[in-house]
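> Coordinates in input08.txt, compact mmCIF, C-alpha atoms, are listed below.
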# COMPACT_ATOMS: atom_id res chain seq x y z
CA MET T 1315 -32.34 -6.35 9.59
CA ALA T 1316 -30.70 -8.66 12.15
CA ILE T 1317 -29.29 -12.12 11.45
CA ILE T 1318 -30.58 -14.48 14.14
CA LYS T 1319 -29.16 -17.88 15.02
CA THR T 1320 -31.27 -19.85 17.45
CA GLU T 1321 -32.45 -23.32 18.38
CA ALA T 1322 -35.69 -24.41 16.72
CA ILE T 1323 -38.06 -27.31 16.18
CA ILE T 1324 -39.22 -27.66 12.58
CA LEU T 1325 -43.02 -27.89 12.59
CA LYS T 1326 -43.99 -27.96 8.93
CA CYS T 1327 -42.44 -27.71 5.47
CA ASP T 1328 -44.19 -26.92 2.20
CA ASN T 1329 -42.58 -27.00 -1.22
CA TYR T 1330 -42.48 -23.60 -2.89
CA ARG T 1331 -41.92 -23.23 -6.60
CA GLU T 1332 -39.31 -25.57 -8.04
CA THR T 1333 -36.48 -25.51 -5.51
CA SER T 1334 -37.57 -23.73 -2.33
CA LYS T 1335 -39.47 -24.46 0.86
CA ILE T 1336 -41.79 -22.50 3.13
CA VAL T 1337 -40.91 -23.60 6.67
CA THR T 1338 -42.83 -23.15 9.92
CA PHE T 1339 -40.50 -23.44 12.89
CA TYR T 1340 -40.75 -22.92 16.65
CA THR T 1341 -37.73 -21.08 18.02
CA LYS T 1342 -36.32 -20.75 21.49
CA SER T 1343 -35.81 -17.01 21.07
CA HIS T 1344 -38.81 -15.77 19.06
CA GLY T 1345 -41.56 -18.38 19.28
CA LYS T 1346 -43.26 -19.62 16.11
CA LEU T 1347 -42.12 -18.15 12.80
CA ARG T 1348 -42.44 -18.84 9.09
CA GLY T 1349 -39.61 -18.49 6.63
CA ILE T 1350 -38.56 -19.22 3.10
CA ALA T 1351 -35.52 -21.37 2.38
CA LYS T 1352 -34.53 -20.63 -1.20
CA GLY T 1353 -32.99 -23.31 -3.37
CA VAL T 1354 -32.83 -25.97 -0.63
CA ARG T 1355 -34.55 -28.63 -2.72
CA ASN T 1356 -31.67 -28.40 -5.16
CA SER T 1357 -29.44 -31.48 -4.93
CA LYS T 1358 -26.43 -29.23 -4.25
CA SER T 1359 -27.91 -27.75 -1.07
CA ARG T 1360 -25.69 -28.51 1.90
CA TRP T 1361 -28.22 -27.83 4.65
CA GLY T 1362 -31.70 -28.22 3.19
CA GLY T 1363 -31.98 -31.78 4.50
CA ALA T 1364 -32.15 -30.44 8.07
CA LEU T 1365 -35.47 -28.77 7.26
CA GLN T 1366 -37.81 -31.64 7.98
CA ALA T 1367 -40.70 -31.83 10.44
CA MET T 1368 -39.64 -32.74 14.02
CA ALA T 1369 -35.96 -31.93 13.47
CA TYR T 1370 -34.26 -30.06 16.31
CA VAL T 1371 -31.87 -27.61 14.67
CA ASN T 1372 -29.80 -24.49 14.92
CA ILE T 1373 -31.36 -22.20 12.34
CA MET T 1374 -30.21 -18.90 10.87
CA PHE T 1375 -32.62 -16.35 9.43
CA SER T 1376 -32.94 -12.65 8.70
CA TYR T 1377 -35.24 -11.09 11.26
CA LYS T 1378 -37.21 -7.92 10.70
CA GLU T 1379 -39.62 -6.44 13.25
CA ASN T 1380 -43.25 -7.04 12.23
CA GLY T 1381 -42.17 -9.40 9.45
CA THR T 1382 -44.32 -12.36 8.42
CA LEU T 1383 -41.97 -14.41 6.22
CA TYR T 1384 -38.27 -14.50 7.04
CA LEU T 1385 -35.36 -15.53 4.84
CA ILE T 1386 -33.72 -18.70 6.16
CA SER T 1387 -30.01 -18.81 5.40
CA GLY T 1388 -28.87 -21.97 7.15
CA ALA T 1389 -29.74 -24.89 9.40
CA GLU T 1390 -27.84 -27.69 11.09
CA TYR T 1391 -29.05 -30.66 13.09
CA ILE T 1392 -28.88 -30.76 16.84
CA ASN T 1393 -31.00 -33.92 16.75
CA SER T 1394 -32.56 -35.30 13.55
CA HIS T 1395 -34.72 -37.77 15.52
CA GLN T 1396 -33.84 -40.41 12.95
CA GLN T 1397 -35.03 -43.29 15.15
CA THR T 1398 -38.49 -41.70 15.15
CA TYR T 1399 -38.47 -41.50 11.35
CA ASP T 1400 -37.52 -45.18 11.16
CA ASP T 1401 -40.55 -46.33 13.20
CA HIS T 1402 -44.09 -45.92 11.81
CA ASP T 1403 -45.77 -45.69 15.26
CA LYS T 1404 -43.20 -43.25 16.61
CA LEU T 1405 -43.50 -41.16 13.46
CA GLN T 1406 -47.24 -40.78 13.92
CA VAL T 1407 -46.79 -39.59 17.52
CA GLY T 1408 -44.01 -37.19 16.51
CA TYR T 1409 -46.07 -35.64 13.74
CA LYS T 1410 -48.99 -35.17 16.13
CA ILE T 1411 -46.73 -33.36 18.60
CA VAL T 1412 -45.43 -30.83 16.08
CA GLU T 1413 -48.87 -30.37 14.51
CA LEU T 1414 -50.36 -29.58 17.93
CA LEU T 1415 -47.57 -27.15 18.69
CA ASN T 1416 -48.22 -25.44 15.37
CA LYS T 1417 -52.00 -25.24 15.79
CA THR T 1418 -52.10 -24.07 19.42
CA THR T 1419 -49.51 -21.28 19.29
CA ALA T 1420 -49.55 -17.79 17.82
CA ASP T 1421 -46.73 -16.30 15.78
CA CYS T 1422 -43.84 -14.43 17.39
CA GLN T 1423 -44.71 -15.27 21.00
CA GLU T 1424 -41.65 -16.55 22.84
CA ASN T 1425 -42.33 -19.32 25.36
CA THR T 1426 -39.21 -21.07 26.58
CA SER T 1427 -41.19 -23.52 28.73
CA LEU T 1428 -43.14 -24.69 25.71
CA PHE T 1429 -40.00 -24.90 23.62
CA SER T 1430 -38.27 -27.00 26.28
CA LEU T 1431 -41.30 -29.28 26.55
CA ALA T 1432 -41.26 -29.94 22.81
CA VAL T 1433 -37.51 -30.57 22.72
CA GLU T 1434 -37.66 -32.95 25.69
CA THR T 1435 -40.69 -34.87 24.43
CA LEU T 1436 -39.33 -35.40 20.92
CA SER T 1437 -35.97 -36.45 22.34
CA CYS T 1438 -37.64 -38.99 24.66
CA LEU T 1439 -39.79 -40.29 21.82
CA ASN T 1440 -36.71 -40.82 19.68
CA ILE T 1441 -35.13 -43.21 22.21
CA ALA T 1442 -38.32 -44.81 23.56
CA THR T 1443 -38.82 -48.52 22.98
CA LYS T 1444 -42.53 -48.87 23.76
CA ASN T 1445 -45.72 -47.07 24.86
CA TYR T 1446 -45.06 -44.09 22.61
CA VAL T 1447 -48.61 -42.77 22.91
CA ASN T 1448 -48.06 -42.10 26.63
CA LEU T 1449 -45.46 -39.49 25.68
CA LEU T 1450 -48.01 -37.82 23.42
CA PHE T 1451 -50.64 -37.71 26.18
CA ASN T 1452 -48.09 -36.34 28.65
CA PHE T 1453 -47.15 -33.66 26.12
CA GLU T 1454 -50.80 -32.71 25.63
CA PHE T 1455 -51.47 -32.37 29.37
CA LYS T 1456 -48.35 -30.25 29.87
CA LEU T 1457 -49.02 -28.20 26.74
CA LEU T 1458 -52.45 -27.26 28.03
CA LYS T 1459 -51.04 -26.39 31.46
CA ILE T 1460 -48.45 -24.05 29.93
CA LEU T 1461 -51.14 -22.42 27.79
CA GLY T 1462 -53.39 -21.84 30.82
CA PHE T 1463 -55.77 -24.80 30.48
CA GLU T 1464 -54.60 -27.07 33.27
CA ILE T 1465 -56.73 -30.22 33.59
CA ASP T 1466 -57.77 -31.54 36.99
CA PRO T 1467 -57.77 -35.37 37.00
CA ASP T 1468 -61.20 -35.47 38.65
CA ASP T 1469 -62.65 -33.02 36.14
CA PHE T 1470 -61.25 -35.15 33.34
CA PHE T 1471 -63.81 -37.87 33.97
CA ASN T 1472 -66.69 -35.47 34.47
CA GLN T 1473 -65.94 -33.69 31.19
CA THR T 1474 -65.78 -36.81 29.10
CA ILE T 1475 -68.76 -38.80 30.43
CA ASP T 1476 -71.44 -39.14 27.80
CA LYS T 1477 -74.19 -36.80 29.00
CA THR T 1478 -76.82 -38.53 26.87
CA LYS T 1479 -76.07 -41.87 28.57
CA VAL T 1480 -75.94 -43.59 25.19
CA ASN T 1481 -74.03 -46.89 25.48
CA ARG T 1482 -73.95 -46.30 29.22
CA TYR T 1483 -72.18 -49.54 30.08
CA PHE T 1484 -69.40 -48.80 27.59
CA TYR T 1485 -68.81 -45.34 29.02
CA GLU T 1486 -68.94 -46.50 32.63
CA THR T 1487 -66.39 -49.19 31.83
CA LYS T 1488 -64.01 -46.61 30.37
CA TYR T 1489 -64.24 -44.32 33.37
CA ALA T 1490 -63.47 -46.80 36.09
CA PRO T 1491 -62.22 -45.20 39.34
CA GLY T 1492 -58.85 -46.91 39.00
CA ASP T 1493 -58.21 -44.98 35.81
CA VAL T 1494 -57.48 -41.84 37.85
CA LYS T 1495 -54.08 -43.31 38.70
CA VAL T 1496 -53.37 -43.83 35.02
CA ILE T 1497 -54.34 -40.25 34.22
CA ASN T 1498 -52.09 -38.91 36.98
CA HIS T 1499 -49.16 -40.88 35.57
CA MET T 1500 -49.83 -39.47 32.11
CA MET T 1501 -50.01 -35.93 33.43
CA GLU T 1502 -46.95 -35.81 35.64
CA GLY T 1503 -44.90 -38.91 34.89
CA ASN T 1504 -41.23 -38.80 33.89
CA PHE T 1505 -39.81 -40.63 30.91
CA ASN T 1506 -39.16 -43.93 32.68
CA SER T 1507 -42.60 -44.10 34.28
CA LEU T 1508 -44.34 -43.16 31.03
CA ILE T 1509 -42.72 -45.85 28.89
CA SER T 1510 -43.31 -48.39 31.67
CA LEU T 1511 -47.02 -47.55 31.93
CA ASN T 1512 -49.15 -50.07 30.08
CA ILE T 1513 -52.66 -48.84 29.26
CA THR T 1514 -55.53 -50.65 27.62
CA LYS T 1515 -56.84 -49.83 24.18
CA ILE T 1516 -60.03 -48.57 25.84
CA GLN T 1517 -58.07 -46.20 28.10
CA GLU T 1518 -56.07 -44.99 25.10
CA ALA T 1519 -59.27 -44.32 23.14
CA VAL T 1520 -60.77 -42.40 26.08
CA VAL T 1521 -57.81 -40.06 26.46
CA GLU T 1522 -57.47 -39.56 22.71
CA LYS T 1523 -61.17 -38.67 22.40
CA PHE T 1524 -60.91 -36.28 25.35
CA PHE T 1525 -58.08 -34.35 23.75
CA GLU T 1526 -59.75 -34.27 20.33
CA ASP T 1527 -62.85 -32.70 21.90
CA PHE T 1528 -60.91 -30.32 24.14
CA PHE T 1529 -58.65 -28.96 21.41
CA ARG T 1530 -61.57 -28.60 19.01
CA ASP T 1531 -63.53 -26.59 21.60
CA HIS T 1532 -60.68 -24.32 22.70
CA PHE T 1533 -58.42 -23.80 19.67
CA ASP T 1534 -59.32 -22.90 16.11
CA HIS T 1535 -58.58 -25.80 13.76
CA ALA T 1536 -56.77 -27.82 16.46
CA GLY T 1537 -59.56 -30.38 16.71
CA TYR T 1538 -58.91 -31.42 13.11
CA MET T 1539 -55.61 -33.28 13.04
CA LYS T 1540 -54.22 -33.76 9.56
CA THR T 1541 -51.73 -36.29 10.92
CA LYS T 1542 -54.50 -38.69 11.92
CA LYS T 1543 -56.12 -38.46 8.49
CA VAL T 1544 -52.80 -39.01 6.73
CA PHE T 1545 -51.85 -42.10 8.71
CA ASP T 1546 -55.36 -43.55 8.60
CA SER T 1547 -55.31 -43.24 4.80
CA LYS T 1548 -51.73 -44.57 4.57
CA GLU T 1549 -50.60 -41.41 2.77
CA MET T 1550 -47.15 -40.70 4.15
CA THR T 1551 -46.82 -37.00 3.40
CA ILE T 1552 -48.16 -34.15 5.54
Go ahead and render the structure in this file as structure tokens.

Amino acid sequence: MAIIKTEAIILKCDNYRETSKIVTFYTKSHGKLRGIAKGVRNSKSRWGGALQAMAYVNIMFSYKENGTLYLISGAEYINSHQQTYDDHDKLQVGYKIVELLNKTTADCQENTSLFSLAVETLSCLNIATKNYVNLLFNFEFKLLKILGFEIDPDDFFNQTIDKTKVNRYFYETKYAPGDVKVINHMMEGNFNSLISLNITKIQEAVVEKFFEDFFRDHFDHAGYMKTKKVFDSKEMTI
């Protein structure tokens, strides 16, 4: 059994028994894994605090081929993303990012491009001062591209037009030709262009609905986002 130390993004933590946690984490070296961190909820734990969703950490665990639950023996922050935790709107975007990464990836499949995308996006979100949702949309476009579902900007509008023509004026207003430029910015923009891009509430709703439908149709359980339910209900635990 090898002891592995690698960079990881913490995706999800669940309390286990009285003092432990079951942790889902996306590693640079081994893809998505699940592990148990024994005793870390004890007040004397020196590293358990690093095991929180969105944290970018160096993590140590015992790795066994064909294992399903690994023993986590240590973790230390590379970036806690504390500024994200201090902002309600940022926090919602950050939770959506790690939930999507969790729900669209299989266990034990290394993907350094996807890992780098998650690290970069969460880091940018942490220091962003406005337009946080643009970073989420950019992450979703790039996530799909890495996973083999690249979206063509022109197809985007065709896929989301209401085929039944119900509320036709409302739908035609949302899919104005000028919105293609906005979509292109969201797909390929860098950090500075994304946080400088102001979109309307209607445009935001269009893109959000598109992704909800797309993930639901192409990934098991990914269309149901627990984060959205939690924040809509004001319950601050996921």
> Please indicate the distance in Å from atom CA of T:Thr1338 to atom CA of T:Leu1325, rounded to one decimal place.
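Computing the Euclidean distance for atom CA of T:Thr1338 and atom CA of T:Leu1325 yields 5.4 Å.
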> Might I get the box with edges along x, y and z of the file that holds all atoms of stretch 1520-1528 of chain T listed there, padded by 5 Å on every side, given as centre and edge lengths in Å to one decimal, as lines of an AutoDock Vina configuration file?

center_x = -60.2
center_y = -36.4
center_z = 23.4
size_x = 15.4
size_y = 22.1
size_z = 16.1
> Could you name the residues that touch stretch 1315-1321 of chain T at 10 Å or less, counting all atoms listed in the file, but leaving out those on the same chain fewer than 6 positions away, as a PDB file with C-alpha atoms, in the coordinates of the input?

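Generated output (part_38.pdb):
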ATOM      1  CA  PHE T1339     -40.500 -23.440  12.890  1.00  0.00           C
ATOM      2  CA  TYR T1340     -40.750 -22.920  16.650  1.00  0.00           C
ATOM      3  CA  THR T1341     -37.730 -21.080  18.020  1.00  0.00           C
ATOM      4  CA  LYS T1342     -36.320 -20.750  21.490  1.00  0.00           C
ATOM      5  CA  SER T1343     -35.810 -17.010  21.070  1.00  0.00           C
ATOM      6  CA  HIS T1344     -38.810 -15.770  19.060  1.00  0.00           C
ATOM      7  CA  TYR T1370     -34.260 -30.060  16.310  1.00  0.00           C
ATOM      8  CA  VAL T1371     -31.870 -27.610  14.670  1.00  0.00           C
ATOM      9  CA  ASN T1372     -29.800 -24.490  14.920  1.00  0.00           C
ATOM     10  CA  ILE T1373     -31.360 -22.200  12.340  1.00  0.00           C
ATOM     11  CA  MET T1374     -30.210 -18.900  10.870  1.00  0.00           C
ATOM     12  CA  PHE T1375     -32.620 -16.350   9.430  1.00  0.00           C
ATOM     13  CA  SER T1376     -32.940 -12.650   8.700  1.00  0.00           C
ATOM     14  CA  TYR T1377     -35.240 -11.090  11.260  1.00  0.00           C
ATOM     15  CA  LYS T1378     -37.210  -7.920  10.700  1.00  0.00           C
ATOM     16  CA  GLU T1379     -39.620  -6.440  13.250  1.00  0.00           C
ATOM     17  CA  LEU T1385     -35.360 -15.530   4.840  1.00  0.00           C
ATOM     18  CA  ILE T1386     -33.720 -18.700   6.160  1.00  0.00           C
ATOM     19  CA  SER T1387     -30.010 -18.810   5.400  1.00  0.00           C
ATOM     20  CA  GLY T1388     -28.870 -21.970   7.150  1.00  0.00           C
ATOM     21  CA  ALA T1389     -29.740 -24.890   9.400  1.00  0.00           C
ATOM     22  CA  GLU T1390     -27.840 -27.690  11.090  1.00  0.00           C
ATOM     23  CA  TYR T1391     -29.050 -30.660  13.090  1.00  0.00           C
ATOM     24  CA  ILE T1392     -28.880 -30.760  16.840  1.00  0.00           C
ATOM     25  CA  PHE T1429     -40.000 -24.900  23.620  1.00  0.00           C
ATOM     26  CA  VAL T1433     -37.510 -30.570  22.720  1.00  0.00           C
TER      27      VAL T1433
END
> List as a count of residues only the protein and nucleic acid residues near T:Ser1359, meaning an atom at most 12 Å away when only C-alpha atoms are counted, but skip any in the same chain fewer than 3 places from it.
15
> Measure the distance from atom CA of T:Leu1347 to atom CA of T:Glu1424 in Å and round it to one decimal.
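Taking atom CA of T:Leu1347 and atom CA of T:Glu1424, their separation equals 10.2 Å.
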> So that I can check the surroundings of T:Gly1503, please list as a ChimeraX atom specification every protein, DNA and RNA residue that reaches within 10 Å of it, counting all atoms listed in the file and ignoring chain neighbours fewer than 5 positions away.
/T:1448-1449,1452,1496-1498,1508-1509,1511
> Using only C-alpha atoms, collect all residues at a distance of at most 6 Å from (-47.2, -36.6, 20.8) as written in the file, then present them as a PyMOL selection string.
chain T and resi 1407-1408+1410-1411+1449-1450
> Determine the nearest neighbour of T:Asn1440 from the options T:Phe1505, T:Tyr1399, T:Tyr1330, T:Phe1528, counting all atoms listed in the file.
T:Tyr1399
> To one decimal place, how far is atom CA of T:Gly1345 from atom CA of T:Leu1405 in Å?
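Going from atom CA of T:Gly1345 over to atom CA of T:Leu1405, I get 23.6 Å.
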> For T:Ile1513, find every residue with an atom within 12 Å (counting all atoms listed in the file), except residues of its own chain fewer than 6 positions away, and show them as a PDB file with C-alpha atoms, in the coordinates of the input.

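Output (part38.pdb):
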ATOM      1  CA  LYS T1444     -42.530 -48.870  23.760  1.00  0.00           C
ATOM      2  CA  ASN T1445     -45.720 -47.070  24.860  1.00  0.00           C
ATOM      3  CA  TYR T1446     -45.060 -44.090  22.610  1.00  0.00           C
ATOM      4  CA  VAL T1447     -48.610 -42.770  22.910  1.00  0.00           C
ATOM      5  CA  ASN T1448     -48.060 -42.100  26.630  1.00  0.00           C
ATOM      6  CA  PHE T1451     -50.640 -37.710  26.180  1.00  0.00           C
ATOM      7  CA  LYS T1488     -64.010 -46.610  30.370  1.00  0.00           C
ATOM      8  CA  GLY T1492     -58.850 -46.910  39.000  1.00  0.00           C
ATOM      9  CA  ASP T1493     -58.210 -44.980  35.810  1.00  0.00           C
ATOM     10  CA  LYS T1495     -54.080 -43.310  38.700  1.00  0.00           C
ATOM     11  CA  VAL T1496     -53.370 -43.830  35.020  1.00  0.00           C
ATOM     12  CA  ILE T1497     -54.340 -40.250  34.220  1.00  0.00           C
ATOM     13  CA  HIS T1499     -49.160 -40.880  35.570  1.00  0.00           C
ATOM     14  CA  MET T1500     -49.830 -39.470  32.110  1.00  0.00           C
ATOM     15  CA  ALA T1519     -59.270 -44.320  23.140  1.00  0.00           C
ATOM     16  CA  VAL T1520     -60.770 -42.400  26.080  1.00  0.00           C
ATOM     17  CA  VAL T1521     -57.810 -40.060  26.460  1.00  0.00           C
TER      18      VAL T1521
END
> Between T:Lys1540, T:Lys1404, T:His1532, T:Lys1515, which one has atoms that come closest to T:Leu1458, using all atoms listed in the file?
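Using all atoms listed in the file, T:Leu1458 sits closest to T:His1532.
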> Find the residues around T:Ala1369 up to 6 Å (all atoms listed in the file counted), leave out those fewer than 5 positions away in its own chain, and share them as a ChimeraX atom specification.
/T:1323-1324,1394
> Taking all atoms listed in the file into account, which of T:Met1501, T:Leu1428, T:Val1337, T:Ile1350 comes nearest T:Ile1465?
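Closest candidate: T:Met1501.
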> For T:Thr1398, which of T:Asn1380, T:Thr1541, T:Ala1367, T:Ile1441 is the closest residue, counting all atoms listed in the file?
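Checking each of T:Asn1380, T:Thr1541, T:Ala1367, T:Ile1441 against T:Thr1398, counting all atoms listed in the file, the winner is T:Ile1441.
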> Taking only C-alpha atoms into account, which of T:Tyr1409, T:Phe1529, T:His1395, T:Val1494 comes nearest T:Leu1457?
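The answer is T:Phe1529, which sits nearest to T:Leu1457.
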> From the coordinates supplied, stretch 1391-1421 of chain T should be written with N, CA and C atoms, as a CSV table (one decimal), in the first residue's frame.

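Writing done, so here's part04.csv:
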chain,number,residue,atom,x,y,z
T,1391,TYR,N,-3.4,23.4,3.6
T,1391,TYR,CA,-3.9,24.3,2.6
T,1391,TYR,C,-2.8,24.7,1.7
T,1392,ILE,N,-3.2,24.8,0.4
T,1392,ILE,CA,-2.5,25.6,-0.6
T,1392,ILE,C,-3.2,26.9,-0.8
T,1393,ASN,N,-4.6,26.8,-0.8
T,1393,ASN,CA,-5.4,28.0,-0.8
T,1393,ASN,C,-6.8,27.6,-0.2
T,1394,SER,N,-7.1,28.3,0.9
T,1394,SER,CA,-8.4,27.9,1.6
T,1394,SER,C,-9.6,28.6,0.9
T,1395,HIS,N,-9.3,29.6,0.0
T,1395,HIS,CA,-10.4,30.3,-0.7
T,1395,HIS,C,-11.3,31.0,0.4
T,1396,GLN,N,-10.7,31.6,1.4
T,1396,GLN,CA,-11.4,32.2,2.5
T,1396,GLN,C,-12.3,33.4,2.0
T,1397,GLN,N,-11.8,34.1,1.0
T,1397,GLN,CA,-12.6,35.3,0.5
T,1397,GLN,C,-13.9,34.8,-0.1
T,1398,THR,N,-13.9,33.6,-0.7
T,1398,THR,CA,-15.1,33.0,-1.2
T,1398,THR,C,-16.1,32.6,-0.1
T,1399,TYR,N,-15.5,32.0,1.0
T,1399,TYR,CA,-16.4,31.7,2.1
T,1399,TYR,C,-17.0,32.9,2.8
T,1400,ASP,N,-16.4,34.0,2.7
T,1400,ASP,CA,-16.8,35.2,3.4
T,1400,ASP,C,-17.9,36.0,2.6
T,1401,ASP,N,-18.2,35.5,1.4
T,1401,ASP,CA,-19.2,36.2,0.5
T,1401,ASP,C,-20.2,35.2,0.0
T,1402,HIS,N,-21.5,35.5,0.4
T,1402,HIS,CA,-22.6,34.6,0.1
T,1402,HIS,C,-22.7,34.3,-1.4
T,1403,ASP,N,-22.6,35.3,-2.3
T,1403,ASP,CA,-22.8,35.0,-3.7
T,1403,ASP,C,-21.6,34.2,-4.3
T,1404,LYS,N,-20.4,34.6,-3.8
T,1404,LYS,CA,-19.2,33.8,-4.2
T,1404,LYS,C,-19.4,32.3,-3.8
T,1405,LEU,N,-19.8,32.2,-2.5
T,1405,LEU,CA,-19.9,30.8,-1.9
T,1405,LEU,C,-20.9,29.9,-2.8
T,1406,GLN,N,-22.0,30.5,-3.2
T,1406,GLN,CA,-22.9,29.7,-4.0
T,1406,GLN,C,-22.3,29.3,-5.3
T,1407,VAL,N,-21.6,30.2,-6.0
T,1407,VAL,CA,-20.9,29.8,-7.2
T,1407,VAL,C,-19.8,28.8,-7.0
T,1408,GLY,N,-19.0,28.9,-5.9
T,1408,GLY,CA,-18.0,27.9,-5.6
T,1408,GLY,C,-18.5,26.6,-5.3
T,1409,TYR,N,-19.6,26.5,-4.6
T,1409,TYR,CA,-20.3,25.2,-4.3
T,1409,TYR,C,-20.8,24.6,-5.6
T,1410,LYS,N,-21.3,25.4,-6.5
T,1410,LYS,CA,-21.8,24.8,-7.7
T,1410,LYS,C,-20.7,24.2,-8.5
T,1411,ILE,N,-19.5,24.9,-8.5
T,1411,ILE,CA,-18.4,24.4,-9.3
T,1411,ILE,C,-17.9,23.0,-8.8
T,1412,VAL,N,-17.8,22.9,-7.5
T,1412,VAL,CA,-17.3,21.6,-6.9
T,1412,VAL,C,-18.4,20.5,-7.0
T,1413,GLU,N,-19.6,20.9,-6.9
T,1413,GLU,CA,-20.7,19.9,-7.1
T,1413,GLU,C,-20.7,19.4,-8.5
T,1414,LEU,N,-20.6,20.3,-9.5
T,1414,LEU,CA,-20.5,19.8,-10.9
T,1414,LEU,C,-19.3,18.9,-11.2
T,1415,LEU,N,-18.2,19.3,-10.6
T,1415,LEU,CA,-17.0,18.5,-10.8
T,1415,LEU,C,-17.2,17.1,-10.2
T,1416,ASN,N,-17.9,17.0,-9.1
T,1416,ASN,CA,-18.2,15.7,-8.5
T,1416,ASN,C,-19.2,14.9,-9.3
T,1417,LYS,N,-20.2,15.6,-9.8
T,1417,LYS,CA,-21.3,14.8,-10.5
T,1417,LYS,C,-21.0,14.5,-11.9
T,1418,THR,N,-20.0,15.1,-12.5
T,1418,THR,CA,-19.7,14.8,-14.0
T,1418,THR,C,-18.4,13.9,-14.2
T,1419,THR,N,-17.8,13.5,-13.1
T,1419,THR,CA,-16.6,12.8,-13.2
T,1419,THR,C,-16.7,11.4,-12.6
T,1420,ALA,N,-16.0,10.4,-13.1
T,1420,ALA,CA,-15.9,9.1,-12.6
T,1420,ALA,C,-14.8,8.9,-11.6
T,1421,ASP,N,-14.8,8.0,-10.8
T,1421,ASP,CA,-13.7,7.7,-9.8
T,1421,ASP,C,-12.4,7.3,-10.5
